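The structure appears below as structure tokens.
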Amino acid sequence: MPDASETHYRKPGRFTQHVANNLVASFTRAGISIWGSRVLEVKGRTSGQPRRVPVNLLSHEGRQYLVAPRGETQWVRNLRAADGNLDILLGRRREHRTAHEVADTDKAPILRAYLRRWKAEVGVFFDGVSADSTDEEVARIAPRHPVFALDPLA
């Protein structure tokens with residue numbers, strides 16, 4: 001297992017990349033959210049062109065979060081390069097938001113809530129850690145999963 005300080009990324013398989021993501025994104029673009037799905041749009045860090053990817057928007061304790069179960073994904077890198085500026089899309093509704101990265105030490109309750117909600121979908125990316133795991137186990141995997149808090153809606 002790589003050291004927690006190393007960049008962590010689990011590339012999606014062909015089915016996820018070409019079928020599942022496209023299916024979820026299609027429903028979301030049509031205005032149908034599947035278990036909280038949205039389309040994240042963020043400016044590409046190299047091309048400057050808008051990049052879209054389906055994400056799970058987590059609502060937890062009055063805030064909204066984006067969690068990267070696969071680690072340092074392209075959308076994470078683009079979001080950092082865009083200073084947290086993004087749009088969240090659901091159907092024709094577009095919300096401009098700003099994201100702020102959550103410190104590793106503050107991620108545990110957010111990761112637990114995320115796993116409680118989507119463990120069946122993303123649990124494989126969390127190295128056996130679940131919502132019921134010990135604080136030490138959650139702290140161990142926290143650096144491998146970027147978490148962003150979204151600014152409150154105006």
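In the structure tokens, chains take the letters A, B, ... in the order shown, each chain's residues start at 1, and ligands count up from 1 in the order shown.
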
Selection near stretch 75-81 of chain A, 9 Å with only C-alpha atoms, sequence-local residues under 3 positions removed, as a PyMOL selection string: chain A and resi 40-46+51-53+68+71-72+84-86+99-101+146

Pick from A:Ala82, A:Glu136, A:Val39, A:Pro152, whichever lies nearest to A:Arg63 using only C-alpha atoms: A:Pro152

Residues within 10 Å of A:Gly128, only C-alpha atoms, excluding chain neighbours under 2 positions, as JSON, numbers by chain: {"A": [123, 124, 125, 126, 130, 133, 137, 138, 141]}

Picked from stretch 28-137 of chain A by DSSP as strand (DSSP E or B), as a VMD selection string: chain A and resid 37 to 43 50 to 60 63 to 67 71 85 to 90 93 to 101

Shell around stretch 114-116 of chain A at 9 Å using only C-alpha atoms, local window under 4 positions removed, as a count of residues only: 15

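Separating atom CA of A:Asp151 from atom CA of A:Thr98 is a distance of 5.5 Å.
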
Atom CA of A:Asp104 to atom CA of A:Tyr65, distance in Å rounded to a single decimal: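 These two atoms are separated by 14.0 Å.
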
Atomic separation - atom CA of A:Lys107 relative to atom CA of A:Val147, Å: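 Value for the atom CA of A:Val147-atom CA of A:Lys107 distance: 7.1 Å.
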